[in-house]
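*Asks:* Contents of model_9.pdb (PDB, C-alpha atoms, pLDDT in the B column):
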ATOM      1  CA  GLU A 992     -52.078   6.842 -42.672  1.00 61.00           C
ATOM      2  CA  ASN A 993     -51.255  10.483 -43.349  1.00 61.00           C
ATOM      3  CA  PHE A 994     -51.055  12.276 -40.009  1.00 59.00           C
ATOM      4  CA  ALA A 995     -49.812   9.594 -37.622  1.00 60.00           C
ATOM      5  CA  ASP A 996     -46.939  11.834 -36.513  1.00 63.00           C
ATOM      6  CA  GLN A 997     -49.118  14.899 -36.012  1.00 56.00           C
ATOM      7  CA  THR A 998     -48.371  16.091 -32.487  1.00 58.00           C
ATOM      8  CA  THR A 999     -51.279  18.544 -32.457  1.00 55.00           C
ATOM      9  CA  GLY A1000     -53.899  15.888 -33.148  1.00 55.00           C
ATOM     10  CA  THR A1001     -55.669  18.371 -35.446  1.00 54.00           C
ATOM     11  CA  CYS A1002     -56.818  15.792 -37.972  1.00 58.00           C
ATOM     12  CA  ILE A1003     -58.174  13.260 -35.501  1.00 51.00           C
ATOM     13  CA  SER A1004     -59.836  15.970 -33.441  1.00 48.00           C
ATOM     14  CA  LYS A1005     -62.125  16.696 -36.391  1.00 48.00           C
ATOM     15  CA  LEU A1006     -63.723  13.255 -36.249  1.00 47.00           C
ATOM     16  CA  ASP A1007     -67.332  13.353 -35.143  1.00 40.00           C
ATOM     17  CA  GLY A1008     -68.093  12.224 -31.619  1.00 37.00           C
ATOM     18  CA  ASP A1009     -68.973   8.589 -32.203  1.00 36.00           C
ATOM     19  CA  ARG A1010     -65.697   7.949 -33.995  1.00 40.00           C
ATOM     20  CA  GLN A1011     -63.285  10.178 -32.108  1.00 38.00           C
ATOM     21  CA  PRO A1012     -61.120   8.430 -29.511  1.00 43.00           C
ATOM     22  CA  SER A1013     -62.187   9.349 -26.040  1.00 39.00           C
ATOM     23  CA  GLY A1014     -60.356  11.887 -23.961  1.00 39.00           C
ATOM     24  CA  GLN A1015     -60.796   9.685 -20.909  1.00 32.00           C
ATOM     25  CA  PRO A1016     -57.875   7.912 -19.267  1.00 38.00           C
ATOM     26  CA  SER A1017     -56.829   4.627 -20.815  1.00 40.00           C
ATOM     27  CA  LEU A1018     -57.176   3.153 -17.353  1.00 38.00           C
ATOM     28  CA  GLY A1019     -60.866   3.026 -18.127  1.00 38.00           C
ATOM     29  CA  THR A1020     -60.406   0.798 -21.160  1.00 42.00           C
ATOM     30  CA  ALA A1021     -62.843  -1.714 -19.709  1.00 37.00           C
ATOM     31  CA  ALA A1022     -65.488   0.810 -20.701  1.00 40.00           C
ATOM     32  CA  GLY A1023     -64.133   1.027 -24.254  1.00 50.00           C
ATOM     33  CA  LEU A1024     -62.358   4.362 -23.805  1.00 60.00           C
ATOM     34  CA  GLY A1025     -59.218   5.486 -25.622  1.00 78.00           C
ATOM     35  CA  LEU A1026     -57.614   4.203 -28.822  1.00 84.00           C
ATOM     36  CA  PRO A1027     -58.259   0.462 -29.140  1.00 85.00           C
ATOM     37  CA  ASN A1028     -55.218  -1.822 -28.974  1.00 86.00           C
ATOM     38  CA  GLN A1029     -52.741   1.048 -28.943  1.00 91.00           C
ATOM     39  CA  PHE A1030     -50.861   1.580 -25.693  1.00 91.00           C
ATOM     40  CA  VAL A1031     -47.701   3.562 -25.103  1.00 93.00           C
ATOM     41  CA  ALA A1032     -45.463   4.167 -22.124  1.00 93.00           C
ATOM     42  CA  VAL A1033     -45.779   7.486 -20.299  1.00 92.00           C
ATOM     43  CA  ARG A1034     -42.790   8.512 -18.174  1.00 91.00           C
ATOM     44  CA  ALA A1035     -43.866  12.074 -17.310  1.00 88.00           C
ATOM     45  CA  ASN A1036     -43.198  11.514 -13.609  1.00 87.00           C
ATOM     46  CA  GLY A1037     -40.228   9.225 -14.026  1.00 89.00           C
ATOM     47  CA  TYR A1038     -39.774   5.493 -14.493  1.00 90.00           C
ATOM     48  CA  ASP A1039     -41.172   4.307 -11.154  1.00 86.00           C
ATOM     49  CA  GLU A1040     -44.334   6.355 -11.615  1.00 88.00           C
ATOM     50  CA  GLY A1041     -44.623   5.496 -15.293  1.00 90.00           C
ATOM     51  CA  TYR A1042     -47.713   3.885 -16.746  1.00 90.00           C
ATOM     52  CA  CYS A1043     -49.242   2.927 -20.097  1.00 90.00           C
ATOM     53  CA  SER A1044     -51.935   4.885 -21.869  1.00 89.00           C
ATOM     54  CA  ASN A1045     -54.032   4.696 -25.028  1.00 89.00           C
ATOM     55  CA  LEU A1046     -55.066   8.344 -24.981  1.00 88.00           C
ATOM     56  CA  LYS A1047     -54.660   9.945 -28.388  1.00 87.00           C
ATOM     57  CA  GLU A1048     -52.438  12.690 -26.955  1.00 87.00           C
ATOM     58  CA  PHE A1049     -49.871  10.055 -25.976  1.00 89.00           C
ATOM     59  CA  VAL A1050     -50.266   7.585 -28.830  1.00 90.00           C
ATOM     60  CA  ILE A1051     -50.171   9.986 -31.769  1.00 89.00           C
ATOM     61  CA  GLY A1052     -46.592  10.605 -32.812  1.00 90.00           C
ATOM     62  CA  THR A1053     -45.212   7.543 -31.030  1.00 91.00           C
ATOM     63  CA  PRO A1054     -43.103   5.244 -33.255  1.00 92.00           C
ATOM     64  CA  GLU A1055     -45.023   2.105 -34.194  1.00 91.00           C
ATOM     65  CA  ALA A1056     -42.441  -0.150 -32.549  1.00 91.00           C
ATOM     66  CA  GLN A1057     -43.268   1.490 -29.214  1.00 93.00           C
ATOM     67  CA  ILE A1058     -47.024   0.945 -29.462  1.00 93.00           C
ATOM     68  CA  TYR A1059     -48.394  -2.211 -27.821  1.00 91.00           C
ATOM     69  CA  ASP A1060     -51.593  -4.165 -28.368  1.00 89.00           C
ATOM     70  CA  SER A1061     -52.533  -4.242 -24.701  1.00 84.00           C
ATOM     71  CA  GLU A1062     -51.875  -2.297 -21.538  1.00 84.00           C
ATOM     72  CA  LEU A1063     -50.517  -5.427 -19.862  1.00 82.00           C
ATOM     73  CA  GLU A1064     -48.025  -6.033 -22.679  1.00 83.00           C
ATOM     74  CA  CYS A1065     -46.927  -2.403 -22.522  1.00 88.00           C
ATOM     75  CA  CYS A1066     -46.405  -2.596 -18.756  1.00 85.00           C
ATOM     76  CA  THR A1067     -44.462  -5.853 -18.798  1.00 81.00           C
ATOM     77  CA  ARG A1068     -42.216  -4.792 -21.671  1.00 85.00           C
ATOM     78  CA  VAL A1069     -41.487  -1.222 -20.669  1.00 88.00           C
ATOM     79  CA  PHE A1070     -41.786  -1.239 -16.871  1.00 85.00           C
ATOM     80  CA  ALA A1071     -40.567  -4.729 -16.016  1.00 79.00           C
ATOM     81  CA  ASP A1072     -38.099  -3.384 -13.442  1.00 78.00           C
ATOM     82  CA  GLN A1073     -40.561  -0.964 -11.875  1.00 77.00           C
ATOM     83  CA  THR A1074     -40.376  -1.588  -8.132  1.00 74.00           C
ATOM     84  CA  SER A1075     -43.456   0.495  -7.377  1.00 75.00           C
ATOM     85  CA  GLY A1076     -45.735  -1.616  -9.584  1.00 73.00           C
ATOM     86  CA  THR A1077     -47.500   1.590 -10.631  1.00 79.00           C
ATOM     87  CA  CYS A1078     -48.092   0.548 -14.225  1.00 83.00           C
ATOM     88  CA  ILE A1079     -49.496  -2.896 -13.640  1.00 75.00           C
ATOM     89  CA  SER A1080     -51.596  -1.700 -10.705  1.00 71.00           C
ATOM     90  CA  ASN A1081     -53.494   0.560 -13.098  1.00 73.00           C
ATOM     91  CA  LEU A1082     -54.920  -2.359 -15.065  1.00 69.00           C
ATOM     92  CA  ASP A1083     -58.648  -2.741 -14.615  1.00 60.00           C
ATOM     93  CA  GLY A1084     -59.737  -5.553 -12.320  1.00 45.00           C
ATOM     94  CA  ASP A1085     -60.535  -8.255 -14.846  1.00 40.00           C
ATOM     95  CA  ARG A1086     -57.036  -8.043 -16.306  1.00 48.00           C
ATOM     96  CA  GLN A1087     -54.912  -7.146 -13.307  1.00 44.00           C
ATOM     97  CA  PRO A1088     -52.685  -9.943 -12.035  1.00 47.00           C
ATOM     98  CA  SER A1089     -53.763 -11.144  -8.641  1.00 39.00           C
ATOM     99  CA  GLY A1090     -51.767 -10.692  -5.493  1.00 36.00           C
ATOM    100  CA  GLN A1091     -52.530 -14.276  -4.505  1.00 32.00           C
ATOM    101  CA  PRO A1092     -50.009 -17.117  -4.780  1.00 36.00           C
ATOM    102  CA  SER A1093     -49.837 -18.881  -8.110  1.00 40.00           C
ATOM    103  CA  ILE A1094     -50.177 -22.159  -6.244  1.00 37.00           C
ATOM    104  CA  SER A1095     -53.794 -21.422  -5.334  1.00 33.00           C
ATOM    105  CA  ALA A1096     -55.183 -23.402  -8.297  1.00 35.00           C
ATOM    106  CA  ALA A1097     -57.698 -20.633  -8.878  1.00 38.00           C
ATOM    107  CA  GLY A1098     -55.953 -19.360 -12.000  1.00 45.00           C
ATOM    108  CA  LEU A1099     -54.556 -16.288 -10.244  1.00 53.00           C
ATOM    109  CA  GLY A1100     -51.464 -14.331 -11.214  1.00 71.00           C
ATOM    110  CA  LEU A1101     -49.872 -13.541 -14.563  1.00 80.00           C
ATOM    111  CA  PRO A1102     -51.023 -16.049 -17.184  1.00 80.00           C
ATOM    112  CA  ASN A1103     -48.369 -18.367 -18.624  1.00 83.00           C
ATOM    113  CA  GLN A1104     -45.515 -16.620 -16.828  1.00 88.00           C
ATOM    114  CA  PHE A1105     -43.837 -18.612 -14.068  1.00 89.00           C
ATOM    115  CA  VAL A1106     -40.474 -18.017 -12.440  1.00 92.00           C
ATOM    116  CA  ALA A1107     -38.417 -19.872  -9.870  1.00 92.00           C
ATOM    117  CA  VAL A1108     -38.297 -18.449  -6.336  1.00 90.00           C
ATOM    118  CA  PHE A1109     -35.298 -19.406  -4.193  1.00 90.00           C
ATOM    119  CA  ALA A1110     -36.051 -17.112  -1.237  1.00 84.00           C
ATOM    120  CA  ASN A1111     -35.885 -19.991   1.263  1.00 84.00           C
ATOM    121  CA  GLY A1112     -33.210 -21.985  -0.525  1.00 87.00           C
ATOM    122  CA  TYR A1113     -33.273 -24.690  -3.190  1.00 91.00           C
ATOM    123  CA  ASP A1114     -35.145 -27.403  -1.283  1.00 86.00           C
ATOM    124  CA  GLU A1115     -37.914 -24.983  -0.327  1.00 86.00           C
ATOM    125  CA  GLY A1116     -37.956 -23.301  -3.710  1.00 89.00           C
ATOM    126  CA  TYR A1117     -41.108 -23.068  -5.780  1.00 88.00           C
ATOM    127  CA  CYS A1118     -42.478 -21.439  -8.916  1.00 89.00           C
ATOM    128  CA  SER A1119     -44.681 -18.378  -8.934  1.00 88.00           C
ATOM    129  CA  ASN A1120     -46.573 -16.224 -11.425  1.00 86.00           C
ATOM    130  CA  LEU A1121     -47.105 -13.352  -9.010  1.00 83.00           C
ATOM    131  CA  LYS A1122     -46.286 -10.015 -10.599  1.00 80.00           C
ATOM    132  CA  ALA A1123     -43.888  -9.223  -7.742  1.00 78.00           C
ATOM    133  CA  ASP A1124     -41.824 -12.276  -8.712  1.00 83.00           C
ATOM    134  CA  VAL A1125     -42.191 -12.190 -12.502  1.00 86.00           C
ATOM    135  CA  ILE A1126     -41.570  -8.534 -13.280  1.00 84.00           C
ATOM    136  CA  GLY A1127     -37.880  -7.911 -13.825  1.00 84.00           C
ATOM    137  CA  THR A1128     -37.042 -11.568 -14.517  1.00 87.00           C
ATOM    138  CA  PRO A1129     -35.177 -12.170 -17.810  1.00 90.00           C
ATOM    139  CA  ASP A1130     -37.389 -13.716 -20.519  1.00 88.00           C
ATOM    140  CA  ALA A1131     -35.211 -16.825 -20.649  1.00 89.00           C
ATOM    141  CA  GLN A1132     -36.084 -17.570 -17.023  1.00 92.00           C
ATOM    142  CA  ILE A1133     -39.850 -17.254 -17.467  1.00 92.00           C
ATOM    143  CA  TYR A1134     -41.777 -20.458 -18.203  1.00 91.00           C
ATOM    144  CA  ASP A1135     -45.167 -21.087 -19.778  1.00 88.00           C
ATOM    145  CA  SER A1136     -46.343 -23.370 -17.002  1.00 83.00           C
ATOM    146  CA  GLU A1137     -45.667 -23.997 -13.330  1.00 83.00           C
ATOM    147  CA  PHE A1138     -44.877 -27.617 -14.100  1.00 80.00           C
ATOM    148  CA  GLU A1139     -42.245 -26.672 -16.704  1.00 84.00           C
ATOM    149  CA  CYS A1140     -40.720 -24.194 -14.275  1.00 88.00           C
ATOM    150  CA  CYS A1141     -40.516 -26.858 -11.568  1.00 84.00           C
ATOM    151  CA  THR A1142     -38.936 -29.474 -13.797  1.00 81.00           C
ATOM    152  CA  GLU A1143     -36.389 -27.047 -15.250  1.00 87.00           C
ATOM    153  CA  ASN A1144     -35.310 -25.527 -11.943  1.00 89.00           C
ATOM    154  CA  PHE A1145     -36.037 -28.049  -9.191  1.00 86.00           C
ATOM    155  CA  ALA A1146     -35.515 -31.451 -10.801  1.00 80.00           C
ATOM    156  CA  ASP A1147     -33.125 -32.491  -8.001  1.00 81.00           C
ATOM    157  CA  GLN A1148     -35.286 -31.129  -5.192  1.00 78.00           C
ATOM    158  CA  THR A1149     -35.559 -33.961  -2.682  1.00 77.00           C
ATOM    159  CA  THR A1150     -38.409 -32.305  -0.765  1.00 77.00           C
ATOM    160  CA  GLY A1151     -40.703 -32.100  -3.790  1.00 73.00           C
ATOM    161  CA  THR A1152     -41.834 -28.676  -2.532  1.00 78.00           C
ATOM    162  CA  CYS A1153     -42.230 -27.163  -5.969  1.00 81.00           C
ATOM    163  CA  ILE A1154     -44.180 -29.923  -7.619  1.00 74.00           C
ATOM    164  CA  SER A1155     -46.345 -30.452  -4.553  1.00 70.00           C
ATOM    165  CA  ASN A1156     -47.707 -26.938  -5.049  1.00 72.00           C
ATOM    166  CA  LEU A1157     -49.248 -27.852  -8.389  1.00 67.00           C
ATOM    167  CA  ASP A1158     -52.999 -28.080  -8.298  1.00 58.00           C
ATOM    168  CA  GLY A1159     -54.451 -31.585  -8.332  1.00 46.00           C
ATOM    169  CA  ASP A1160     -55.213 -31.971 -12.021  1.00 41.00           C
ATOM    170  CA  ARG A1161     -51.587 -31.300 -12.926  1.00 47.00           C
ATOM    171  CA  GLN A1162     -49.747 -32.964 -10.048  1.00 45.00           C
ATOM    172  CA  PRO A1163     -47.914 -36.103 -11.142  1.00 48.00           C
ATOM    173  CA  SER A1164     -49.588 -39.344 -10.113  1.00 44.00           C
ATOM    174  CA  GLY A1165     -52.574 -39.730  -7.909  1.00 41.00           C
ATOM    175  CA  GLN A1166     -51.412 -43.236  -7.116  1.00 38.00           C
ATOM    176  CA  PRO A1167     -50.630 -44.678  -3.651  1.00 36.00           C
ATOM    177  CA  SER A1168     -46.948 -43.706  -3.704  1.00 39.00           C
ATOM    178  CA  LEU A1169     -48.064 -40.135  -3.006  1.00 36.00           C
ATOM    179  CA  GLY A1170     -48.918 -41.362   0.455  1.00 36.00           C
ATOM    180  CA  THR A1171     -45.251 -41.720   1.410  1.00 41.00           C
ATOM    181  CA  ALA A1172     -45.680 -38.961   3.988  1.00 37.00           C
ATOM    182  CA  ALA A1173     -47.695 -41.533   5.933  1.00 37.00           C
ATOM    183  CA  GLY A1174     -44.893 -44.084   5.606  1.00 45.00           C
ATOM    184  CA  LEU A1175     -46.354 -45.970   2.655  1.00 51.00           C
ATOM    185  CA  GLY A1176     -44.174 -47.717   0.128  1.00 64.00           C
ATOM    186  CA  LEU A1177     -40.416 -48.271  -0.063  1.00 72.00           C
ATOM    187  CA  PRO A1178     -38.452 -45.163   0.993  1.00 75.00           C
ATOM    188  CA  ASP A1179     -36.415 -43.429  -1.728  1.00 80.00           C
ATOM    189  CA  GLN A1180     -37.203 -46.045  -4.353  1.00 83.00           C
ATOM    190  CA  PHE A1181     -39.489 -45.022  -7.187  1.00 84.00           C
ATOM    191  CA  VAL A1182     -40.049 -46.699 -10.523  1.00 87.00           C
ATOM    192  CA  ALA A1183     -42.057 -45.880 -13.610  1.00 89.00           C
ATOM    193  CA  VAL A1184     -45.290 -47.791 -14.166  1.00 86.00           C
ATOM    194  CA  PHE A1185     -46.587 -48.027 -17.729  1.00 88.00           C
ATOM    195  CA  ALA A1186     -49.474 -50.433 -17.059  1.00 81.00           C
ATOM    196  CA  ASN A1187     -51.968 -48.123 -18.758  1.00 80.00           C
ATOM    197  CA  GLY A1188     -49.574 -46.727 -21.352  1.00 84.00           C
ATOM    198  CA  TYR A1189     -47.224 -43.757 -21.399  1.00 87.00           C
ATOM    199  CA  GLU A1190     -49.870 -41.024 -21.189  1.00 84.00           C
ATOM    200  CA  ASP A1191     -51.373 -42.552 -18.048  1.00 80.00           C
ATOM    201  CA  GLY A1192     -48.031 -43.624 -16.634  1.00 84.00           C
ATOM    202  CA  TYR A1193     -46.953 -42.695 -13.126  1.00 84.00           C
ATOM    203  CA  CYS A1194     -44.217 -43.371 -10.590  1.00 85.00           C
ATOM    204  CA  SER A1195     -44.626 -45.675  -7.642  1.00 82.00           C
ATOM    205  CA  ASN A1196     -42.642 -46.871  -4.635  1.00 80.00           C
ATOM    206  CA  LEU A1197     -44.937 -49.796  -3.878  1.00 77.00           C
ATOM    207  CA  LYS A1198     -42.896 -52.926  -3.355  1.00 73.00           C
ATOM    208  CA  ALA A1199     -44.993 -54.769  -5.947  1.00 71.00           C
ATOM    209  CA  ASP A1200     -43.699 -52.324  -8.540  1.00 79.00           C
ATOM    210  CA  VAL A1201     -40.148 -51.788  -7.278  1.00 79.00           C
ATOM    211  CA  ILE A1202     -39.011 -55.351  -6.615  1.00 75.00           C
ATOM    212  CA  GLY A1203     -37.417 -56.830  -9.717  1.00 80.00           C
ATOM    213  CA  THR A1204     -36.785 -53.464 -11.358  1.00 86.00           C
ATOM    214  CA  PRO A1205     -33.164 -52.911 -12.512  1.00 89.00           C
ATOM    215  CA  GLU A1206     -31.317 -50.559 -10.159  1.00 87.00           C
ATOM    216  CA  ALA A1207     -30.638 -48.076 -12.971  1.00 89.00           C
ATOM    217  CA  GLN A1208     -34.397 -47.590 -13.329  1.00 91.00           C
ATOM    218  CA  ILE A1209     -35.034 -46.857  -9.656  1.00 90.00           C
ATOM    219  CA  TYR A1210     -35.108 -43.215  -8.592  1.00 90.00           C
ATOM    220  CA  GLU A1211     -34.664 -41.609  -5.196  1.00 86.00           C
ATOM    221  CA  SER A1212     -37.762 -39.447  -5.450  1.00 82.00           C
ATOM    222  CA  GLU A1213     -41.091 -39.544  -7.223  1.00 81.00           C
ATOM    223  CA  PHE A1214     -40.350 -36.153  -8.704  1.00 81.00           C
ATOM    224  CA  GLU A1215     -37.061 -37.345 -10.224  1.00 85.00           C
ATOM    225  CA  CYS A1216     -38.784 -40.424 -11.587  1.00 86.00           C
ATOM    226  CA  CYS A1217     -41.535 -38.356 -13.210  1.00 85.00           C
ATOM    227  CA  THR A1218     -39.170 -35.871 -14.810  1.00 85.00           C
ATOM    228  CA  GLU A1219     -36.862 -38.596 -16.142  1.00 88.00           C
ATOM    229  CA  GLU A1220     -39.534 -40.951 -17.427  1.00 89.00           C
ATOM    230  CA  PHE A1221     -42.534 -38.784 -18.339  1.00 85.00           C
TER     231      PHE A1221
END
Reformat the file's structure so that it appears as structure tokens.
*Replies:*
Amino acid sequence: ENFADQTTGTCISKLDGDRQPSGQPSLGTAAGLGLPNQFVAVRANGYDEGYCSNLKEFVIGTPEAQIYDSELECCTRVFADQTSGTCISNLDGDRQPSGQPSISAAGLGLPNQFVAVFANGYDEGYCSNLKADVIGTPDAQIYDSEFECCTENFADQTTGTCISNLDGDRQPSGQPSLGTAAGLGLPDQFVAVFANGYEDGYCSNLKADVIGTPEAQIYESEFECCTEEF
């Protein structure tokens, strides 16, 4: 409260051992080292080699608006355009975003941060939460879920590439129409089925469901049907 801007750290250095913030690198925070929930950006070696630290020597004297609750938050806010990935690579293992594809259904990658990837064009586009894809993307283009990202960016994707990458418990409809790759159902004709109510509704191209449905309610792809109806 009184010596927050003290660059010498004289006051805090007088704390007895069990209360004094450790002099160990913040990168060891998994072991409880450094100032808790206080991380600041360190640019001593330039932006691309910058990282975040909770060591008292860096935190003390830093304006409150530039102190972050977590190392991950500090990295993503301050070093979002860092091509080297130095900052985020310093996170300890249990918090470091995985290098595996977000589509692996194993909960890998940055949590609740998905962006559209158009590397192979629109029809082969997908959504990813890999740090290499997310970092540097404007906030307005980052989505809370892979499904939301797919529906916002690839709603007209005829291949269904994006939505097909969702893990099973989130992929629209487990009904027979998903077997169209094997030639099942009417091609390019999908309708909404509400037999079990809206929450359990799905889209189908089975002739039993399609025949008799008004043309305006028939969609060219299951993905389009799902995004329009559910």
*Asks:* What is the CA of Glu1115 (chain A)-CA of Thr1152 (chain A) distance in Å, reported with one decimal?
*Replies:*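 Result for CA of Glu1115 (chain A) versus CA of Thr1152 (chain A): 5.8 Å, one decimal.
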*Asks:* Mind giving me the straight-line distance from CA of Cys1216 (chain A) to CA of Gly1100 (chain A) in Å, one decimal?
*Replies:*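 Taking CA of Cys1216 (chain A) and CA of Gly1100 (chain A), their separation equals 29.0 Å.
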*Asks:* Please, what distance in Å, to one decimal, runs between CA of Thr1128 (chain A) and CA of Thr1074 (chain A)?
*Replies:*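 One can read the CA of Thr1128 (chain A) to CA of Thr1074 (chain A) distance as 12.3 Å.
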*Asks:* To verify the selection step, state as a PyMOL selection string which residues the PyMOL selection byres ((chain A and resi 1213) around 10) yields on this input.
*Replies:* chain A and resi 1149+1151+1163-1164+1168-1169+1171+1179-1183+1193-1196+1209-1212+1214-1219
*Asks:* Can you translate the PyMOL selection byres ((chain A and resi 1027-1031) around 7) into the concrete residues it hits in this file, as a list in words?
*Replies:*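 What the PyMOL selection byres ((chain A and resi 1027-1031) around 7) grabs from the file is Gly1025, Leu1026, Ala1032, Val1033, Cys1043, Ser1044, Asn1045, Phe1049, Val1050, Gln1057, Ile1058, Tyr1059, Asp1060, Ser1061, Glu1062 and Cys1065 of chain A.
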*Asks:* Could you list as a PyMOL selection string every residue that has an atom within 6 Å of (-41.8, -22.1, -7.7), using the file's coordinates and counting only C-alpha atoms?
*Replies:* chain A and resi 1107-1108+1116-1119+1153
*Asks:* Restricting the output to C-alpha atoms, write the selected residues as a CSV table (one decimal), in the frame of the given file.
*Replies:*
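In the end it all went to again25.csv:
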chain,number,residue,atom,x,y,z
A,1107,ALA,CA,-38.4,-19.9,-9.9
A,1108,VAL,CA,-38.3,-18.4,-6.3
A,1116,GLY,CA,-38.0,-23.3,-3.7
A,1117,TYR,CA,-41.1,-23.1,-5.8
A,1118,CYS,CA,-42.5,-21.4,-8.9
A,1119,SER,CA,-44.7,-18.4,-8.9
A,1153,CYS,CA,-42.2,-27.2,-6.0
*Asks:* Looking at A:Thr1142, A:Asn1103, A:Ser1080, A:Gln1148, which one is nearest to Ala1123 (chain A), with distances taken over all atoms listed in the file?
*Replies:*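 Answer, going by the shortest atom-to-atom distance: A:Ser1080.
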*Asks:* Select all residues near (-41.8, -5.1, -20.0) (cut-off 12 Å, inclusive, file coordinates), counting all atoms listed in the file, and output them as a ChimeraX atom specification.
*Replies:* /A:1031-1032,1041-1043,1057,1059,1061-1073,1076,1078-1079,1122,1125-1130
*Asks:* Which residues come within 9 Å of Gly1192 (chain A), counting all atoms listed in the file, excluding same-chain residues fewer than 4 positions away, as a list of chain:residue names?
*Replies:* A:Ser1164, A:Ala1183, A:Val1184, A:Phe1185, A:Ala1186, A:Asn1187, A:Gly1188, A:Glu1220, A:Phe1221
*Asks:* Residues of the last selection are to be written out with C-alpha atoms, as a PDB file, in the coordinates of the input.
*Replies:*
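Saved result, out-v4.pdb, follows:
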ATOM      1  CA  SER A1164     -49.588 -39.344 -10.113  1.00 44.00           C
ATOM      2  CA  ALA A1183     -42.057 -45.880 -13.610  1.00 89.00           C
ATOM      3  CA  VAL A1184     -45.290 -47.791 -14.166  1.00 86.00           C
ATOM      4  CA  PHE A1185     -46.587 -48.027 -17.729  1.00 88.00           C
ATOM      5  CA  ALA A1186     -49.474 -50.433 -17.059  1.00 81.00           C
ATOM      6  CA  ASN A1187     -51.968 -48.123 -18.758  1.00 80.00           C
ATOM      7  CA  GLY A1188     -49.574 -46.727 -21.352  1.00 84.00           C
ATOM      8  CA  GLU A1220     -39.534 -40.951 -17.427  1.00 89.00           C
ATOM      9  CA  PHE A1221     -42.534 -38.784 -18.339  1.00 85.00           C
TER      10      PHE A1221
END
*Asks:* Please determine, counting only C-alpha atoms, which residue among A:Val1201, A:Leu1046, A:Ile1051, A:Val1106 has the shortest atom-to-atom distance to Asp1135 (chain A).
*Replies:*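 With only C-alpha atoms as the atom set, the closest residue is A:Val1106.
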*Asks:* From the set A:Lys1047, A:Asp1124, A:Gly1203, A:Phe1105, which residue has the shortest atom-to-atom contact distance to Glu1139 (chain A), counting only C-alpha atoms?
*Replies:* A:Phe1105
*Asks:* Return as JSON the box centre and box size in Å, one decimal, for an axis-aligned box around all listed atoms of region 1202-1214 of chain A padded by 4 Å per side.
*Replies:*
{"center_x": -35.9, "center_y": -46.5, "center_z": -9.3, "size_x": 18.5, "size_y": 28.7, "size_z": 16.1}
*Asks:* Between A:Ala1056, A:Leu1101, A:Cys1140, A:Leu1197, which one has atoms that come closest to Leu1121 (chain A), using all atoms listed in the file?
*Replies:*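 Comparing A:Ala1056, A:Leu1101, A:Cys1140, A:Leu1197 against Leu1121 (chain A), the winner is A:Leu1101.
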